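Single-structure report; data block below.
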Number of protein chains: 2
Amino acid sequence: MIDTDSGFVTVLAKRAEAAGWQLRQAGGAVPPQELVAMKLNAILVDPAVLGDEGWSYLERLCRELPDLGLVVCTGRSTVAQRVRGLRLGIDDWIAKPCHPEEAIARIEAISRRRRSRSELEAESLVAGELEVRPDKFQAFVGGRSLDLTRREFELLQLLAGAKGQVLEREAIYQRVWGYAMAHGDRSVDVFIRKLRQKLDKHSPSWSYIHTHFGVGYRFDPEPAGIVEEELRPAEPEAEPKRSSGAKHAVAAP
Amino acid sequence: MIDTDSGFVTVLAKRAEAAGWQLRQAGGAVPPQELVAMKLNAILVDPAVLGDEGWSYLERLCRELPDLGLVVCTGRSTVAQRVRGLRLGIDDWIAKPCHPEEAIARIEAISRRRRSRSELEAESLVAGELEVRPDKFQAFVGGRSLDLTRREFELLQLLAGAKGQVLEREAIYQRVWGYAMAHGDRSVDVFIRKLRQKLDKHSPSWSYIHTHFGVGYRFDPEPAGIVEEELRPAEPEAEPKRSSGAKHAVAAP
DNA sequence: CGACCCGTGAAAATCCTGTGAACGCAGGCG
DNA sequence: CGCCTGCGTTCACAGGATTTTCACGGGTCG
């Protein structure tokens, strides 16, 4: 929570703790980046402590962290202000002399929506030769681990979860990295490449990730394997380099 | 909305319509089943009109339609009641003498969360032999992809969405490209041609896009197929070139 | 008939993605 | 405490795919 009203802060902290939450408090604007690092569920702000920067800060939060639950709790406000805030992306607006229990309940209500859809994980998922195991934070092919890093795994899990759907870069970034993608960021592409490398290394006869030009990527296991190795069985290919290897299928379900 | 306060209902209906929503109103409890059939986005309830069944009805809604946005808007209420409601699964609780614009904004805020989590605009659309699938950024005929590029798809989606309506070039450009069309720009025409090509290639016996001279284009699937091939079965037409082929129907305004 | 509008094909300009590598950072280890 | 390694981020380049632009000619309208 971002507020300086010590009485409110104290009592809310107590209730939050009683509810089993972990609460962090600040007395002024906190850069969205730091908020990301805190892995927050929701944030409660009294824009009064932000001064003139109030609106721009709230706007920034909504823009860069659309997944974060955002509740404003402040003193006098007009209908126009509340409407503006809600339209901006704020999830709830509470008038300040407010019962802490209600604040807790409202934050809970917001978070409920957020959580409900994402808690579908922990289900082991199979696609082609691939097996994605959230419990082990790893993916396997024939029992052998792909040795994915954290980000790689999260990306793969996201893609594999939205089976068949095309996911746009921004959406991918948003959901894996947790905040809005900066214009021109190529991180997603780079990780897609790493994933494709590892997938191809362990399951060469399948293609999993497909590119949709100008849109994003789509996960869909296809047995479209490259079967030219057996044409020249005596080839002394000591070099495991796959060189310009298989072209990645471009948009053609 | 479930409410009987005619003044509130009237003004809210007006605002909702202005916001482009479709609103249905009832004066008492509606079975969840019927609500499902209405394909609602959110529901606004004043439990006062439900009498003693209020809480049980709300509870039932939360249990059976957890995906539905649920907002309570009623008169006097205690903190305990609001907390109970919010914990139950209600998304927002508004005190009743309330500005309709705020009610709209709050419902919007709730729906925003709901929608962004689930697949946005996953409504697949069928027209003639054509199937437009927003989730795949692609259109299909008989399961085969038309292989549209992003712009082509967006254009087709726009046209197909405004079923039967004639769209002017500037309007099309504005909505697909996102900014105003420069004078003399022929991009729309070019993309219409590309679309017609691909449509005709995969679904030759239908005509989808019609030209309105001096106005714009209109999407309307018609089985007006060109059936002259069978008139000369022995024709050695080795040249698949459609050359000056089928003229595109031009409707008179 | 003449001005304007639209379909068409192809060249030119632009944008997008795959890729390799450098960079910075943090934890693990000697 | 300093080195090393693994990981994530950023950059620049190249090859394509896509979009835009252009010029022509056939159609349409008044």
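Chain labels run A, B, ... following the order of the structure tokens; each chain numbers its residues from 1, and ligands are numbered from 1 in the order shown.
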
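The list of residues with at least one atom within 12 Å of Lys39 in chain B, based on only C-alpha atoms (C1' of nucleotides) and without residues fewer than 2 positions apart in the same chain, reads Gln22, Leu23, Arg24, Pro32, Gln33, Glu34, Leu35, Val36, Ala37, Asn41, Ala42, Ile43, Leu65, Asp67, Leu68 and Gly69 of chain B.
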
Give me a file of those residues, with C-alpha atoms, as a PDB file, in the first residue's frame.
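This went into out_0.pdb:
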ATOM      1  CA  GLN B  22     -27.026  -4.018 -24.695  1.00  0.00           C
ATOM      2  CA  LEU B  23     -29.049  -3.963 -21.513  1.00  0.00           C
ATOM      3  CA  ARG B  24     -31.775  -6.254 -20.281  1.00  0.00           C
ATOM      4  CA  PRO B  32     -29.169 -18.485 -13.498  1.00  0.00           C
ATOM      5  CA  GLN B  33     -29.939 -20.707 -16.448  1.00  0.00           C
ATOM      6  CA  GLU B  34     -31.734 -17.904 -18.231  1.00  0.00           C
ATOM      7  CA  LEU B  35     -28.911 -15.541 -17.442  1.00  0.00           C
ATOM      8  CA  VAL B  36     -26.516 -17.909 -19.132  1.00  0.00           C
ATOM      9  CA  ALA B  37     -28.702 -17.949 -22.214  1.00  0.00           C
ATOM     10  CA  ASN B  41     -21.144  -9.733 -19.527  1.00  0.00           C
ATOM     11  CA  ALA B  42     -22.094  -8.526 -16.084  1.00  0.00           C
ATOM     12  CA  ILE B  43     -25.144  -8.169 -13.942  1.00  0.00           C
ATOM     13  CA  LEU B  65     -21.878 -18.243 -12.653  1.00  0.00           C
ATOM     14  CA  ASP B  67     -17.419 -15.963 -14.609  1.00  0.00           C
ATOM     15  CA  LEU B  68     -20.180 -13.410 -14.617  1.00  0.00           C
ATOM     16  CA  GLY B  69     -19.384  -9.933 -13.335  1.00  0.00           C
TER      17      GLY B  69
END

May I have a table of the residues of chain D lying at most 12 Å from chain A, giving each one's closest pair of atoms and their distance in Å to one decimal, counting only C-alpha atoms (C1' of nucleotides), ordered by chain and ascending residue number, as a Markdown table?
| residue | atom | partner | partner_atom | distance |
| --- | --- | --- | --- | --- |
| D:DG6 | C1' | A:Thr149 | CA | 9.5 |
| D:DC7 | C1' | A:Thr149 | CA | 7.8 |
| D:DG8 | C1' | A:Arg151 | CA | 8.6 |
| D:DT9 | C1' | A:Ser187 | CA | 7.1 |
| D:DT10 | C1' | A:Arg186 | CA | 8.4 |
| D:DC11 | C1' | A:Arg186 | CA | 10.2 |
| D:DG16 | C1' | A:Phe213 | CA | 10.9 |
| D:DA17 | C1' | A:Phe213 | CA | 7.8 |
| D:DT18 | C1' | A:Gly214 | CA | 8.7 |
| D:DT19 | C1' | A:Gly214 | CA | 11.7 |

* To do: Find the residues near DC22 in chain D: any atom within 10 Å, counting only C-alpha atoms (C1' of nucleotides), skip ones fewer than 5 places away on the same chain, and give them as number ranges by chain.
  => C: 10-12

Keeping only N, CA and C atoms (P, O5', C5', C4', C3', O3' and C1' of nucleotides), write the selected residues as a PDB file, in the first residue's frame.
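To be explicit, this is the file written out as out_32.pdb:
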ATOM      1  P    DA C  10       2.967  -9.167 -63.142  1.00  0.00           P
ATOM      2  O5'  DA C  10       3.957  -8.024 -62.648  1.00  0.00           O
ATOM      3  C5'  DA C  10       4.150  -6.873 -63.459  1.00  0.00           C
ATOM      4  C4'  DA C  10       4.922  -5.824 -62.681  1.00  0.00           C
ATOM      5  C3'  DA C  10       6.099  -6.400 -61.863  1.00  0.00           C
ATOM      6  O3'  DA C  10       7.208  -5.546 -62.024  1.00  0.00           O
ATOM      7  C1'  DA C  10       4.724  -5.086 -60.483  1.00  0.00           C
ATOM      8  P    DA C  11       8.666  -6.004 -61.562  1.00  0.00           P
ATOM      9  O5'  DA C  11       9.292  -4.634 -61.058  1.00  0.00           O
ATOM     10  C5'  DA C  11       8.996  -3.419 -61.749  1.00  0.00           C
ATOM     11  C4'  DA C  11       9.108  -2.251 -60.790  1.00  0.00           C
ATOM     12  C3'  DA C  11      10.396  -2.265 -59.954  1.00  0.00           C
ATOM     13  O3'  DA C  11      10.884  -0.933 -59.859  1.00  0.00           O
ATOM     14  C1'  DA C  11       8.502  -2.304 -58.514  1.00  0.00           C
ATOM     15  P    DA C  12      12.263  -0.662 -59.116  1.00  0.00           P
ATOM     16  O5'  DA C  12      11.747  -0.065 -57.735  1.00  0.00           O
ATOM     17  C5'  DA C  12      10.789   0.992 -57.744  1.00  0.00           C
ATOM     18  C4'  DA C  12      10.502   1.424 -56.316  1.00  0.00           C
ATOM     19  C3'  DA C  12      11.742   1.491 -55.424  1.00  0.00           C
ATOM     20  O3'  DA C  12      11.718   2.707 -54.705  1.00  0.00           O
ATOM     21  C1'  DA C  12      10.100   0.052 -54.462  1.00  0.00           C
TER      22       DA C  12
END

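Computed after superposing chain B on chain A, the C-alpha RMSD over all in-order atom pairs is 16.3 Å.
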
Wanna dump the chain C-chain B contacts at 10 Å for me, each residue with its shortest atom pair and the distance in Å to one decimal, counting only C-alpha atoms (C1' of nucleotides), ordered by chain and number, as a Markdown table?
| residue | atom | partner | partner_atom | distance |
| --- | --- | --- | --- | --- |
| C:DC4 | C1' | B:Gly214 | CA | 9.3 |
| C:DC5 | C1' | B:Gly214 | CA | 6.7 |
| C:DC6 | C1' | B:Asp189 | CA | 7.9 |
| C:DG7 | C1' | B:Arg193 | CA | 7.6 |
| C:DT8 | C1' | B:Arg193 | CA | 8.5 |

Based on the selection just made, write C-alpha atoms (C1' of nucleotides) of those residues as a short mmCIF file (atom, residue, chain, number, x, y, z; two decimals), in the first residue's frame.
data_model
loop_
_atom_site.label_atom_id
_atom_site.label_comp_id
_atom_site.auth_asym_id
_atom_site.auth_seq_id
_atom_site.Cartn_x
_atom_site.Cartn_y
_atom_site.Cartn_z
"C1'" DC C 4 -13.60 10.39 -62.29
"C1'" DC C 5 -13.33 5.79 -60.06
"C1'" DC C 6 -11.71 1.24 -59.61
"C1'" DG C 7 -9.07 -3.25 -60.76
"C1'" DT C 8 -4.52 -4.83 -61.68
#

Would you tabulate, counting only C-alpha atoms, all residues of chain A that have an atom at most 10 Å from an atom of chain B, showing the closest pair of atoms and their distance in Å to one decimal, sorted by chain then ascending number, as a tab-separated table?
residue	atom	partner	partner_atom	distance
A:Pro66	CA	B:Arg113	CA	9.3
A:Asp67	CA	B:Arg113	CA	8.6
A:Gly69	CA	B:Arg113	CA	9.2
A:Val79	CA	B:Glu102	CA	6.5
A:Ala80	CA	B:Glu102	CA	8.1
A:Gln81	CA	B:Glu102	CA	9.7
A:Arg82	CA	B:Glu102	CA	7.1
A:Val83	CA	B:Glu102	CA	5.5
A:Arg84	CA	B:Ala105	CA	8.4
A:Gly85	CA	B:Ala105	CA	9.0
A:Leu86	CA	B:Ala105	CA	6.0
A:Arg87	CA	B:Ala105	CA	6.2
A:Leu88	CA	B:Ala109	CA	8.9
A:Gly89	CA	B:Ala109	CA	6.8
A:Ile90	CA	B:Ala109	CA	7.2
A:Asp91	CA	B:Ala109	CA	5.7
A:Asp92	CA	B:Arg106	CA	7.5
A:Trp93	CA	B:Arg106	CA	9.0
A:Cys98	CA	B:Val79	CA	9.0
A:His99	CA	B:Val79	CA	7.1
A:Pro100	CA	B:Val79	CA	9.7
A:Glu101	CA	B:Val83	CA	7.0
A:Glu102	CA	B:Val83	CA	5.5
A:Ala103	CA	B:Val83	CA	8.8
A:Ile104	CA	B:Val83	CA	8.6
A:Ala105	CA	B:Val83	CA	5.7
A:Arg106	CA	B:Leu86	CA	6.5
A:Ile107	CA	B:Leu86	CA	9.4
A:Glu108	CA	B:Arg87	CA	7.5
A:Ala109	CA	B:Asp91	CA	5.6
A:Ile110	CA	B:Asp91	CA	7.0
A:Ser111	CA	B:Arg113	CA	10.0
A:Arg112	CA	B:Gly89	CA	8.2
A:Arg113	CA	B:Arg114	CA	6.9
A:Arg114	CA	B:Arg113	CA	7.3
A:Arg115	CA	B:Arg117	CA	9.7
A:Ser116	CA	B:Asp67	CA	9.2
A:Arg117	CA	B:Arg117	CA	6.7
A:Ser118	CA	B:Arg117	CA	8.5
A:Ala162	CA	B:Glu119	CA	9.7
A:Gly164	CA	B:Lys136	CA	7.5
A:Gln165	CA	B:Lys136	CA	5.5
A:Val166	CA	B:Lys136	CA	5.1
A:Leu167	CA	B:Asp135	CA	8.4
A:Glu168	CA	B:Phe137	CA	10.0
A:His212	CA	B:Thr149	CA	8.5
A:Phe213	CA	B:Thr149	CA	7.2
A:Gly214	CA	B:Arg150	CA	6.1
A:Val215	CA	B:Arg150	CA	6.7
A:Gly216	CA	B:Phe137	CA	9.8
A:Tyr217	CA	B:Lys136	CA	10.0
A:Arg218	CA	B:Lys136	CA	8.4
A:Val250	CA	B:Asp147	CA	9.5
A:Ala251	CA	B:Asp147	CA	6.9
A:Ala252	CA	B:Asp147	CA	6.2
A:Pro253	CA	B:Ser145	CA	6.4

Can you pull out the residues contacting Arg196 in chain A? Cut-off 10 Å, using only C-alpha atoms (C1' of nucleotides), and skip same-chain residues under 4 positions away; I want them as a compact mmCIF listing (two decimals) with N, CA and C atoms, in the first residue's frame.
# COMPACT_ATOMS: atom_id res chain seq x y z
N LEU A 156 7.32 -21.55 -22.39
CA LEU A 156 6.80 -22.79 -22.98
C LEU A 156 5.47 -23.16 -22.36
N VAL A 190 14.03 -13.85 -28.77
CA VAL A 190 15.24 -14.54 -28.35
C VAL A 190 14.89 -15.82 -27.58
N PHE A 191 13.90 -15.71 -26.70
CA PHE A 191 13.54 -16.90 -25.92
C PHE A 191 12.84 -17.94 -26.78
N ILE A 192 12.11 -17.49 -27.74
CA ILE A 192 11.49 -18.44 -28.67
C ILE A 192 12.59 -19.21 -29.38
N ASP A 200 14.06 -28.71 -30.60
CA ASP A 200 14.55 -29.40 -31.79
C ASP A 200 15.66 -30.39 -31.45
N LYS A 201 16.42 -30.03 -30.43
CA LYS A 201 17.53 -30.90 -30.03
C LYS A 201 17.01 -32.22 -29.45
N HIS A 202 15.92 -32.12 -28.69
CA HIS A 202 15.42 -33.33 -28.05
C HIS A 202 14.31 -34.01 -28.82
N SER A 203 13.70 -33.30 -29.72
CA SER A 203 12.58 -33.87 -30.46
C SER A 203 12.62 -33.36 -31.89
N PRO A 204 13.64 -33.81 -32.63
CA PRO A 204 13.92 -33.22 -33.95
C PRO A 204 12.81 -33.45 -34.97
N SER A 207 7.71 -30.23 -34.94
CA SER A 207 7.83 -28.78 -34.85
C SER A 207 6.71 -28.29 -33.96
N TYR A 208 7.08 -27.50 -32.98
CA TYR A 208 6.10 -27.11 -31.97
C TYR A 208 5.67 -25.65 -32.08
N ILE A 209 6.62 -24.78 -32.25
CA ILE A 209 6.29 -23.35 -32.22
C ILE A 209 6.27 -22.77 -33.64
N HIS A 210 5.17 -22.18 -33.99
CA HIS A 210 5.01 -21.62 -35.32
C HIS A 210 4.92 -20.11 -35.26
N HIS A 248 11.43 -22.56 -40.08
CA HIS A 248 10.28 -22.63 -39.20
C HIS A 248 9.02 -22.31 -39.97

Could you name the residues that touch Ala29 in chain A at 12 Å or less, counting only C-alpha atoms (C1' of nucleotides), but leaving out those on the same chain fewer than 6 positions away, as a PDB file with N, CA and C atoms, in the first residue's frame?
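This went into around.pdb:
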ATOM      1  N   MET A   1       0.820  -1.193   0.000  1.00  0.00           N
ATOM      2  CA  MET A   1       0.000   0.000   0.000  1.00  0.00           C
ATOM      3  C   MET A   1       0.854   1.243   0.000  1.00  0.00           C
ATOM      4  N   ILE A   2       0.369   2.234  -0.703  1.00  0.00           N
ATOM      5  CA  ILE A   2       1.064   3.501  -0.748  1.00  0.00           C
ATOM      6  C   ILE A   2       0.178   4.524  -0.057  1.00  0.00           C
ATOM      7  N   ASP A   3       0.554   4.825   1.171  1.00  0.00           N
ATOM      8  CA  ASP A   3      -0.253   5.746   1.971  1.00  0.00           C
ATOM      9  C   ASP A   3       0.577   6.201   3.172  1.00  0.00           C
ATOM     10  N   THR A   4       0.195   7.333   3.728  1.00  0.00           N
ATOM     11  CA  THR A   4       0.961   7.836   4.876  1.00  0.00           C
ATOM     12  C   THR A   4       0.077   7.984   6.120  1.00  0.00           C
ATOM     13  N   LEU A  35       7.901  -2.494  -8.083  1.00  0.00           N
ATOM     14  CA  LEU A  35       6.665  -3.195  -7.753  1.00  0.00           C
ATOM     15  C   LEU A  35       6.678  -4.586  -8.367  1.00  0.00           C
ATOM     16  N   ILE A  43      -2.406  -3.594  -5.291  1.00  0.00           N
ATOM     17  CA  ILE A  43      -1.819  -2.436  -4.646  1.00  0.00           C
ATOM     18  C   ILE A  43      -2.908  -1.436  -4.286  1.00  0.00           C
ATOM     19  N   LEU A  44      -2.784  -0.881  -3.093  1.00  0.00           N
ATOM     20  CA  LEU A  44      -3.757   0.085  -2.615  1.00  0.00           C
ATOM     21  C   LEU A  44      -3.078   1.442  -2.516  1.00  0.00           C
ATOM     22  N   VAL A  45      -3.636   2.435  -3.180  1.00  0.00           N
ATOM     23  CA  VAL A  45      -2.979   3.736  -3.243  1.00  0.00           C
ATOM     24  C   VAL A  45      -3.902   4.855  -2.785  1.00  0.00           C
ATOM     25  N   ASP A  46      -3.333   5.778  -2.035  1.00  0.00           N
ATOM     26  CA  ASP A  46      -4.039   7.028  -1.783  1.00  0.00           C
ATOM     27  C   ASP A  46      -3.316   8.095  -2.587  1.00  0.00           C
ATOM     28  N   PRO A  47      -3.882   8.479  -3.705  1.00  0.00           N
ATOM     29  CA  PRO A  47      -3.184   9.417  -4.595  1.00  0.00           C
ATOM     30  C   PRO A  47      -2.889  10.753  -3.926  1.00  0.00           C
ATOM     31  N   ALA A  48      -3.528  10.993  -2.785  1.00  0.00           N
ATOM     32  CA  ALA A  48      -3.281  12.258  -2.099  1.00  0.00           C
ATOM     33  C   ALA A  48      -1.810  12.387  -1.699  1.00  0.00           C
ATOM     34  N   VAL A  49      -1.173  11.278  -1.408  1.00  0.00           N
ATOM     35  CA  VAL A  49       0.230  11.345  -0.990  1.00  0.00           C
ATOM     36  C   VAL A  49       1.168  11.503  -2.188  1.00  0.00           C
ATOM     37  N   LEU A  50       0.602  11.447  -3.373  1.00  0.00           N
ATOM     38  CA  LEU A  50       1.450  11.545  -4.563  1.00  0.00           C
ATOM     39  C   LEU A  50       1.512  12.972  -5.094  1.00  0.00           C
ATOM     40  N   GLY A  51       0.666  13.811  -4.558  1.00  0.00           N
ATOM     41  CA  GLY A  51       0.678  15.200  -5.003  1.00  0.00           C
ATOM     42  C   GLY A  51       0.181  15.331  -6.432  1.00  0.00           C
ATOM     43  N   ASP A  52       0.810  16.214  -7.161  1.00  0.00           N
ATOM     44  CA  ASP A  52       0.371  16.493  -8.532  1.00  0.00           C
ATOM     45  C   ASP A  52       0.598  15.315  -9.470  1.00  0.00           C
ATOM     46  N   GLU A  53       1.516  14.452  -9.053  1.00  0.00           N
ATOM     47  CA  GLU A  53       1.861  13.339  -9.934  1.00  0.00           C
ATOM     48  C   GLU A  53       0.837  12.215  -9.849  1.00  0.00           C
ATOM     49  N   GLY A  54      -0.150  12.397  -8.989  1.00  0.00           N
ATOM     50  CA  GLY A  54      -1.117  11.348  -8.759  1.00  0.00           C
ATOM     51  C   GLY A  54      -1.648  10.671 -10.007  1.00  0.00           C
ATOM     52  N   TRP A  55      -2.299  11.450 -10.837  1.00  0.00           N
ATOM     53  CA  TRP A  55      -2.920  10.872 -12.029  1.00  0.00           C
ATOM     54  C   TRP A  55      -1.914  10.218 -12.958  1.00  0.00           C
ATOM     55  N   SER A  56      -0.820  10.898 -13.174  1.00  0.00           N
ATOM     56  CA  SER A  56       0.154  10.349 -14.124  1.00  0.00           C
ATOM     57  C   SER A  56       0.753   9.050 -13.582  1.00  0.00           C
ATOM     58  N   TYR A  57       0.903   9.009 -12.262  1.00  0.00           N
ATOM     59  CA  TYR A  57       1.438   7.779 -11.673  1.00  0.00           C
ATOM     60  C   TYR A  57       0.443   6.632 -11.828  1.00  0.00           C
ATOM     61  N   LEU A  58      -0.806   6.925 -11.520  1.00  0.00           N
ATOM     62  CA  LEU A  58      -1.837   5.892 -11.657  1.00  0.00           C
ATOM     63  C   LEU A  58      -1.930   5.419 -13.102  1.00  0.00           C
ATOM     64  N   ARG A  60       0.395   5.458 -15.257  1.00  0.00           N
ATOM     65  CA  ARG A  60       1.582   4.664 -15.554  1.00  0.00           C
ATOM     66  C   ARG A  60       1.417   3.249 -15.027  1.00  0.00           C
ATOM     67  N   LEU A  61       0.905   3.142 -13.830  1.00  0.00           N
ATOM     68  CA  LEU A  61       0.687   1.818 -13.245  1.00  0.00           C
ATOM     69  C   LEU A  61      -0.234   0.984 -14.135  1.00  0.00           C
TER      70      LEU A  61
END

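Contact shell of DG30 in chain D at 12 Å (only C-alpha atoms (C1' of nucleotides); same-chain neighbours under 5 positions omitted): DC1, DG2, DA3 and DC4 of chain C.
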